[in-house]
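Inspection log for the structure reproduced underneath, given as structure tokens.
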Amino acid sequence: MKPEKIKRILFSLISQTCENRQFLKEPEKDFTRNRKLPLHQVFKLILGMGGGTLNHEMLDYFGFSPNVATSAAFVQQRAKIMSEALEYIFHQFARRTDGNLRYRGFRLLAFDGSDIHIPTNPNEPASYFPGANGQKPYSLLHLNALYDLLQHTYCDAAIQKRLKINEHRALSNMVDDSPLRDVLLIADRGLESYNVMAHIQEKGWKFLIRVKDSNKGIVSGLDLPVDDEFDFPVQLHLTRKQTNYAKHLLKNRNQYKCIPASTVFDYLPAKQRNVPLSFYPISFRVVRFKLSHDSFETILTNLHPSDFPPDDLKALYAMRWGIETSFRDLKYTIGLLHFHSKKTEHVLQEIFAALTMYNFSELITRSVVIQQGKKKFVYQANFSDAAYICRQFFRSNMSPPVVEALIARFISPIRPNRHRPRVLTGKTAVSFIYRVA
């Protein structure tokens, strides 16, 4: 898809959203007078924001005109817009630019979550952490995302307040609401649950989920081979009832499993009084393979063993890392760490705007052909530079041929088999005062 078409789709969605006044807090009143910042310009400002201060963003947008609107005027105008407007633009843009790329007949989607540091706000108790042991207080939101590993774009997202996080429910809802078919969903540890697997099974999708290789995960309730590596089929019948007959069946741990009333499972009633004994069937493979001489991984999948042997599953799971690198680019390249308001409603606007601009930048960058030539490494576009170029293109500061030429010029080598330790450090939202010039 050419850059001009991608931009045209996004601009048409902005116009469409402007016409739908249900996204305004007071539809009969808001944006009815002529202002320096009409509704479509407010949307473009929010979508095109970088990491600078609000005044700098306003100057850039208005081309350093003496008639630039004030930041106070922008804050007043954006306060009239519901965050659902930017969420709508994100979802519709993802659907209209879907390339339907497949791997052996499957759409490859990865699900994961990432915490987002927002301006500290004690008035939002569900996201506020007071700090301990001398640590400063901070506030967090949690981004749950469904990411297309072949197209390198986000196809769904949901935001939760960190102290009310429920990734399992977010994933189940995304599976239920998705219009996609023939999907292979890949997820990391912590997301394994019979309820999630049942939702995926009911949707007709396939799953590949890494599980805890210990005595506390799903596999601890199964009688598995003692070998270091194995591929073991399981056909379970889940129930909530514990009659004498059910207790007899439950002795076979690889065929019957009791789901406690306290555990969420949407396909069996939680209350079992006056309900006949019933079972929910679910089938999957437990596959354990070696990563290195002393480390192993265990996954659950409902892919057929003849089509996807363990080596193929290992390669597929390695592809999941794409969503991890996307979070890094979303935060540090697109600028999801640099918010321009303390209000949660406005922060939500900017989160969905950042997701949209990430997709916008990736789609344009992937459309540019990089000439390889006779070089030591294979080269790809430098996404940091490409995202900046795409933002200027969104602001209509350059033409499509110039965009493609510049992206093709700023490239980086792909160096395979490079590893570096993952350094986890405490981070907070970037102050409104101390921003890049």
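Labeling convention for the structure tokens: chains A, B, ... as they appear, residues from 1 per chain, ligands from 1 in order of appearance.
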Who sits within 12 Å of Asn166 in chain A, only C-alpha atoms, same chain under 6 positions skipped, as an mmCIF file with N, CA and C atoms, in the first residue's frame:
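The new file result_23.cif reads:
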```
data_model
loop_
_atom_site.group_PDB
_atom_site.id
_atom_site.type_symbol
_atom_site.label_atom_id
_atom_site.label_comp_id
_atom_site.auth_asym_id
_atom_site.auth_seq_id
_atom_site.Cartn_x
_atom_site.Cartn_y
_atom_site.Cartn_z
ATOM 1 N N ASP A 112 0.178 -9.511 24.350
ATOM 2 C CA ASP A 112 1.016 -9.230 25.513
ATOM 3 C C ASP A 112 0.557 -7.910 26.119
ATOM 4 N N GLY A 113 1.113 -7.590 27.271
ATOM 5 C CA GLY A 113 0.771 -6.348 27.944
ATOM 6 C C GLY A 113 2.013 -5.598 28.360
ATOM 7 N N LEU A 141 -0.827 2.851 33.951
ATOM 8 C CA LEU A 141 -1.888 2.194 33.200
ATOM 9 C C LEU A 141 -1.278 0.949 32.566
ATOM 10 N N HIS A 142 -2.128 0.036 32.132
ATOM 11 C CA HIS A 142 -1.630 -1.193 31.516
ATOM 12 C C HIS A 142 -2.232 -1.333 30.127
ATOM 13 N N LEU A 143 -1.353 -1.476 29.153
ATOM 14 C CA LEU A 143 -1.766 -1.652 27.760
ATOM 15 C C LEU A 143 -1.803 -3.133 27.423
ATOM 16 N N ASN A 144 -2.975 -3.633 27.035
ATOM 17 C CA ASN A 144 -3.118 -4.994 26.502
ATOM 18 C C ASN A 144 -3.252 -4.882 24.992
ATOM 19 N N ALA A 158 -6.519 -2.616 24.484
ATOM 20 C CA ALA A 158 -7.411 -2.246 25.588
ATOM 21 C C ALA A 158 -6.557 -1.725 26.729
ATOM 22 N N ILE A 159 -7.035 -0.684 27.387
ATOM 23 C CA ILE A 159 -6.299 -0.049 28.478
ATOM 24 C C ILE A 159 -6.981 -0.374 29.800
ATOM 25 N N GLN A 160 -6.190 -0.766 30.789
ATOM 26 C CA GLN A 160 -6.697 -1.029 32.133
ATOM 27 C C GLN A 160 -5.876 -0.235 33.147
ATOM 28 N N SER A 172 -9.576 -12.549 26.346
ATOM 29 C CA SER A 172 -10.815 -13.246 25.989
ATOM 30 C C SER A 172 -11.757 -12.324 25.224
ATOM 31 N N ASN A 173 -11.877 -11.075 25.676
ATOM 32 C CA ASN A 173 -12.754 -10.124 24.994
ATOM 33 C C ASN A 173 -12.252 -9.806 23.581
ATOM 34 N N GLY A 190 2.030 -16.724 32.009
ATOM 35 C CA GLY A 190 1.118 -15.901 32.768
ATOM 36 C C GLY A 190 -0.231 -15.740 32.121
ATOM 37 N N LEU A 191 -0.339 -16.070 30.843
ATOM 38 C CA LEU A 191 -1.611 -15.940 30.129
ATOM 39 C C LEU A 191 -2.288 -17.279 29.911
ATOM 40 N N VAL A 196 -9.136 -18.924 28.807
ATOM 41 C CA VAL A 196 -8.584 -18.308 27.601
ATOM 42 C C VAL A 196 -8.515 -19.324 26.466
ATOM 43 N N VAL A 264 -12.530 -18.442 37.116
ATOM 44 C CA VAL A 264 -13.375 -18.003 36.004
ATOM 45 C C VAL A 264 -13.315 -19.026 34.874
#
```
Among the residues of range 84-316 of chain A, find those DSSP assigns to strand (DSSP E) from the backbone and print them as number ranges by chain. A: 107-118, 128-129, 138-148, 153-161, 183-187, 206-211, 230-239, 256-258, 280-292, 295-301
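Compared by their closest atoms to Lys7 in chain A, and using only C-alpha atoms, the residues A:Cys390, A:Ile407, A:Ala69, A:Leu108 rank with A:Cys390 nearest.
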Which of range 59-290 of chain A fall in alpha helix (DSSP H), as a ChimeraX atom specification: /A:59-61,71-78,83-96,167-177,194-203,244-249
Contacts of Ala72 in chain A at 12 Å (only C-alpha atoms; same-chain gap of 3+ positions) as JSON, numbers by chain: {"A": [37, 54, 55, 58, 68, 69, 75, 76, 77, 78, 79, 340, 341]}
Could you turn the residues from that selection into a file that holds N, CA, C and O atoms, as a PDB file, in the first residue's frame?
```pdb
ATOM      1  N   LEU A  37      -8.941  26.414  16.331  1.00  0.00           N
ATOM      2  CA  LEU A  37      -8.754  24.963  16.423  1.00  0.00           C
ATOM      3  C   LEU A  37     -10.088  24.247  16.232  1.00  0.00           C
ATOM      4  O   LEU A  37     -10.749  23.860  17.202  1.00  0.00           O
ATOM      5  N   LEU A  54       4.023  21.121  24.978  1.00  0.00           N
ATOM      6  CA  LEU A  54       2.801  21.434  24.250  1.00  0.00           C
ATOM      7  C   LEU A  54       2.983  22.683  23.385  1.00  0.00           C
ATOM      8  O   LEU A  54       2.507  22.732  22.234  1.00  0.00           O
ATOM      9  N   ASN A  55       3.686  23.695  23.912  1.00  0.00           N
ATOM     10  CA  ASN A  55       3.927  24.899  23.106  1.00  0.00           C
ATOM     11  C   ASN A  55       4.747  24.589  21.863  1.00  0.00           C
ATOM     12  O   ASN A  55       4.486  25.121  20.773  1.00  0.00           O
ATOM     13  N   MET A  58       2.562  22.906  19.287  1.00  0.00           N
ATOM     14  CA  MET A  58       1.680  23.866  18.641  1.00  0.00           C
ATOM     15  C   MET A  58       2.444  24.679  17.596  1.00  0.00           C
ATOM     16  O   MET A  58       1.951  24.926  16.479  1.00  0.00           O
ATOM     17  N   VAL A  68      -0.346  31.430  15.827  1.00  0.00           N
ATOM     18  CA  VAL A  68      -0.465  30.103  16.422  1.00  0.00           C
ATOM     19  C   VAL A  68      -1.457  30.146  17.582  1.00  0.00           C
ATOM     20  O   VAL A  68      -1.511  31.102  18.361  1.00  0.00           O
ATOM     21  N   ALA A  69      -2.273  29.078  17.682  1.00  0.00           N
ATOM     22  CA  ALA A  69      -3.211  28.973  18.799  1.00  0.00           C
ATOM     23  C   ALA A  69      -2.434  28.705  20.087  1.00  0.00           C
ATOM     24  O   ALA A  69      -1.352  28.116  20.071  1.00  0.00           O
ATOM     25  N   VAL A  75      -6.022  22.857  25.044  1.00  0.00           N
ATOM     26  CA  VAL A  75      -6.488  22.069  26.184  1.00  0.00           C
ATOM     27  C   VAL A  75      -8.005  22.182  26.328  1.00  0.00           C
ATOM     28  O   VAL A  75      -8.701  21.189  26.588  1.00  0.00           O
ATOM     29  N   GLN A  76      -8.545  23.381  26.134  1.00  0.00           N
ATOM     30  CA  GLN A  76      -9.991  23.566  26.224  1.00  0.00           C
ATOM     31  C   GLN A  76     -10.725  22.796  25.139  1.00  0.00           C
ATOM     32  O   GLN A  76     -11.786  22.217  25.376  1.00  0.00           O
ATOM     33  N   GLN A  77     -10.153  22.789  23.949  1.00  0.00           N
ATOM     34  CA  GLN A  77     -10.810  22.091  22.834  1.00  0.00           C
ATOM     35  C   GLN A  77     -10.738  20.565  22.995  1.00  0.00           C
ATOM     36  O   GLN A  77     -11.721  19.867  22.751  1.00  0.00           O
ATOM     37  N   ARG A  78      -9.586  20.046  23.395  1.00  0.00           N
ATOM     38  CA  ARG A  78      -9.463  18.595  23.527  1.00  0.00           C
ATOM     39  C   ARG A  78     -10.329  18.059  24.656  1.00  0.00           C
ATOM     40  O   ARG A  78     -10.723  16.887  24.644  1.00  0.00           O
ATOM     41  N   ALA A  79     -10.621  18.904  25.655  1.00  0.00           N
ATOM     42  CA  ALA A  79     -11.449  18.477  26.773  1.00  0.00           C
ATOM     43  C   ALA A  79     -12.886  18.194  26.345  1.00  0.00           C
ATOM     44  O   ALA A  79     -13.637  17.553  27.080  1.00  0.00           O
ATOM     45  N   HIS A 340       0.987  14.978  27.388  1.00  0.00           N
ATOM     46  CA  HIS A 340       0.802  16.425  27.408  1.00  0.00           C
ATOM     47  C   HIS A 340      -0.382  16.833  28.279  1.00  0.00           C
ATOM     48  O   HIS A 340      -0.973  17.896  28.090  1.00  0.00           O
ATOM     49  N   SER A 341      -0.733  15.974  29.220  1.00  0.00           N
ATOM     50  CA  SER A 341      -1.810  16.268  30.155  1.00  0.00           C
ATOM     51  C   SER A 341      -1.701  15.319  31.338  1.00  0.00           C
ATOM     52  O   SER A 341      -1.153  14.224  31.222  1.00  0.00           O
TER      53      SER A 341
END
```
Write out as a list of chain:residue names each polymer residue whose atoms come within 10 Å of Ala354 in chain A, counting only C-alpha atoms; drop sequence neighbours fewer than 2 positions from it. A:Ile46, A:Leu47, A:Gly48, A:Met49, A:Gly50, A:Leu86, A:Phe90, A:Leu330, A:Lys331, A:Thr333, A:Ile334, A:Gly335, A:Leu336, A:Leu348, A:Gln349, A:Glu350, A:Ile351, A:Phe352, A:Thr356, A:Met357, A:Tyr358, A:Asn359, A:Phe360
How would the residues just chosen look if you wrote them out with N, CA and C atoms as an mmCIF file, in the first residue's frame?
```cif
data_model
loop_
_atom_site.group_PDB
_atom_site.id
_atom_site.type_symbol
_atom_site.label_atom_id
_atom_site.label_comp_id
_atom_site.auth_asym_id
_atom_site.auth_seq_id
_atom_site.Cartn_x
_atom_site.Cartn_y
_atom_site.Cartn_z
ATOM 1 N N ILE A 46 -3.452 15.930 18.069
ATOM 2 C CA ILE A 46 -3.269 14.820 19.015
ATOM 3 C C ILE A 46 -2.549 13.661 18.348
ATOM 4 N N LEU A 47 -2.935 13.346 17.117
ATOM 5 C CA LEU A 47 -2.319 12.219 16.407
ATOM 6 C C LEU A 47 -0.867 12.505 16.041
ATOM 7 N N GLY A 48 -0.551 13.761 15.726
ATOM 8 C CA GLY A 48 0.792 14.078 15.240
ATOM 9 C C GLY A 48 1.758 14.548 16.288
ATOM 10 N N MET A 49 1.380 14.468 17.565
ATOM 11 C CA MET A 49 2.261 14.953 18.629
ATOM 12 C C MET A 49 3.522 14.106 18.758
ATOM 13 N N GLY A 50 4.629 14.787 19.062
ATOM 14 C CA GLY A 50 5.878 14.106 19.355
ATOM 15 C C GLY A 50 6.175 14.164 20.836
ATOM 16 N N LEU A 86 -10.589 8.724 19.655
ATOM 17 C CA LEU A 86 -9.271 8.269 19.191
ATOM 18 C C LEU A 86 -9.206 6.748 19.159
ATOM 19 N N PHE A 90 -8.318 4.486 15.843
ATOM 20 C CA PHE A 90 -7.311 3.415 15.870
ATOM 21 C C PHE A 90 -7.873 2.098 15.336
ATOM 22 N N LEU A 330 7.090 1.816 20.393
ATOM 23 C CA LEU A 330 5.896 2.601 20.720
ATOM 24 C C LEU A 330 6.202 3.635 21.796
ATOM 25 N N LYS A 331 6.989 3.242 22.797
ATOM 26 C CA LYS A 331 7.274 4.138 23.912
ATOM 27 C C LYS A 331 8.383 5.135 23.591
ATOM 28 N N THR A 333 10.174 5.601 20.493
ATOM 29 C CA THR A 333 10.252 6.209 19.164
ATOM 30 C C THR A 333 9.002 7.031 18.861
ATOM 31 N N ILE A 334 7.844 6.448 19.051
ATOM 32 C CA ILE A 334 6.604 7.178 18.812
ATOM 33 C C ILE A 334 6.361 8.200 19.914
ATOM 34 N N GLY A 335 6.782 7.904 21.145
ATOM 35 C CA GLY A 335 6.714 8.889 22.212
ATOM 36 C C GLY A 335 5.639 8.654 23.237
ATOM 37 N N LEU A 336 5.340 7.390 23.533
ATOM 38 C CA LEU A 336 4.269 7.088 24.476
ATOM 39 C C LEU A 336 4.649 7.412 25.922
ATOM 40 N N LEU A 348 -5.522 8.853 27.730
ATOM 41 C CA LEU A 348 -6.092 7.796 26.889
ATOM 42 C C LEU A 348 -6.166 8.242 25.432
ATOM 43 N N GLN A 349 -6.505 9.499 25.208
ATOM 44 C CA GLN A 349 -6.491 10.021 23.836
ATOM 45 C C GLN A 349 -5.119 9.812 23.198
ATOM 46 N N GLU A 350 -4.077 10.155 23.947
ATOM 47 C CA GLU A 350 -2.729 10.095 23.390
ATOM 48 C C GLU A 350 -2.224 8.664 23.235
ATOM 49 N N ILE A 351 -2.691 7.750 24.081
ATOM 50 C CA ILE A 351 -2.282 6.346 23.931
ATOM 51 C C ILE A 351 -2.816 5.780 22.623
ATOM 52 N N PHE A 352 -4.104 5.994 22.347
ATOM 53 C CA PHE A 352 -4.671 5.472 21.097
ATOM 54 C C PHE A 352 -4.141 6.226 19.887
ATOM 55 N N THR A 356 -2.131 4.478 16.752
ATOM 56 C CA THR A 356 -2.474 4.766 15.356
ATOM 57 C C THR A 356 -1.260 5.220 14.576
ATOM 58 N N MET A 357 -0.453 6.105 15.177
ATOM 59 C CA MET A 357 0.726 6.602 14.473
ATOM 60 C C MET A 357 1.806 5.534 14.345
ATOM 61 N N TYR A 358 1.857 4.613 15.292
ATOM 62 C CA TYR A 358 2.782 3.483 15.138
ATOM 63 C C TYR A 358 2.390 2.686 13.895
ATOM 64 N N ASN A 359 1.099 2.351 13.774
ATOM 65 C CA ASN A 359 0.638 1.607 12.596
ATOM 66 C C ASN A 359 0.876 2.396 11.318
ATOM 67 N N PHE A 360 0.581 3.688 11.355
ATOM 68 C CA PHE A 360 0.789 4.567 10.196
ATOM 69 C C PHE A 360 2.248 4.532 9.753
#
```
CA of His304 in chain A and CA of Arg240 in chain A are how many Å apart?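 Pair CA of His304 in chain A / CA of Arg240 in chain A returns 28.2 Å.
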Env of Lys29 in chain A: 12 Å cut, atoms = only C-alpha atoms, seq-sep filter 5 positions within chain, self excluded. Answer as a PyMOL selection string. chain A and resi 21-22+24+80-81
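Interatomic distance, CA of Pro281 in chain A against CA of Leu109 in chain A: 24.5 Å.
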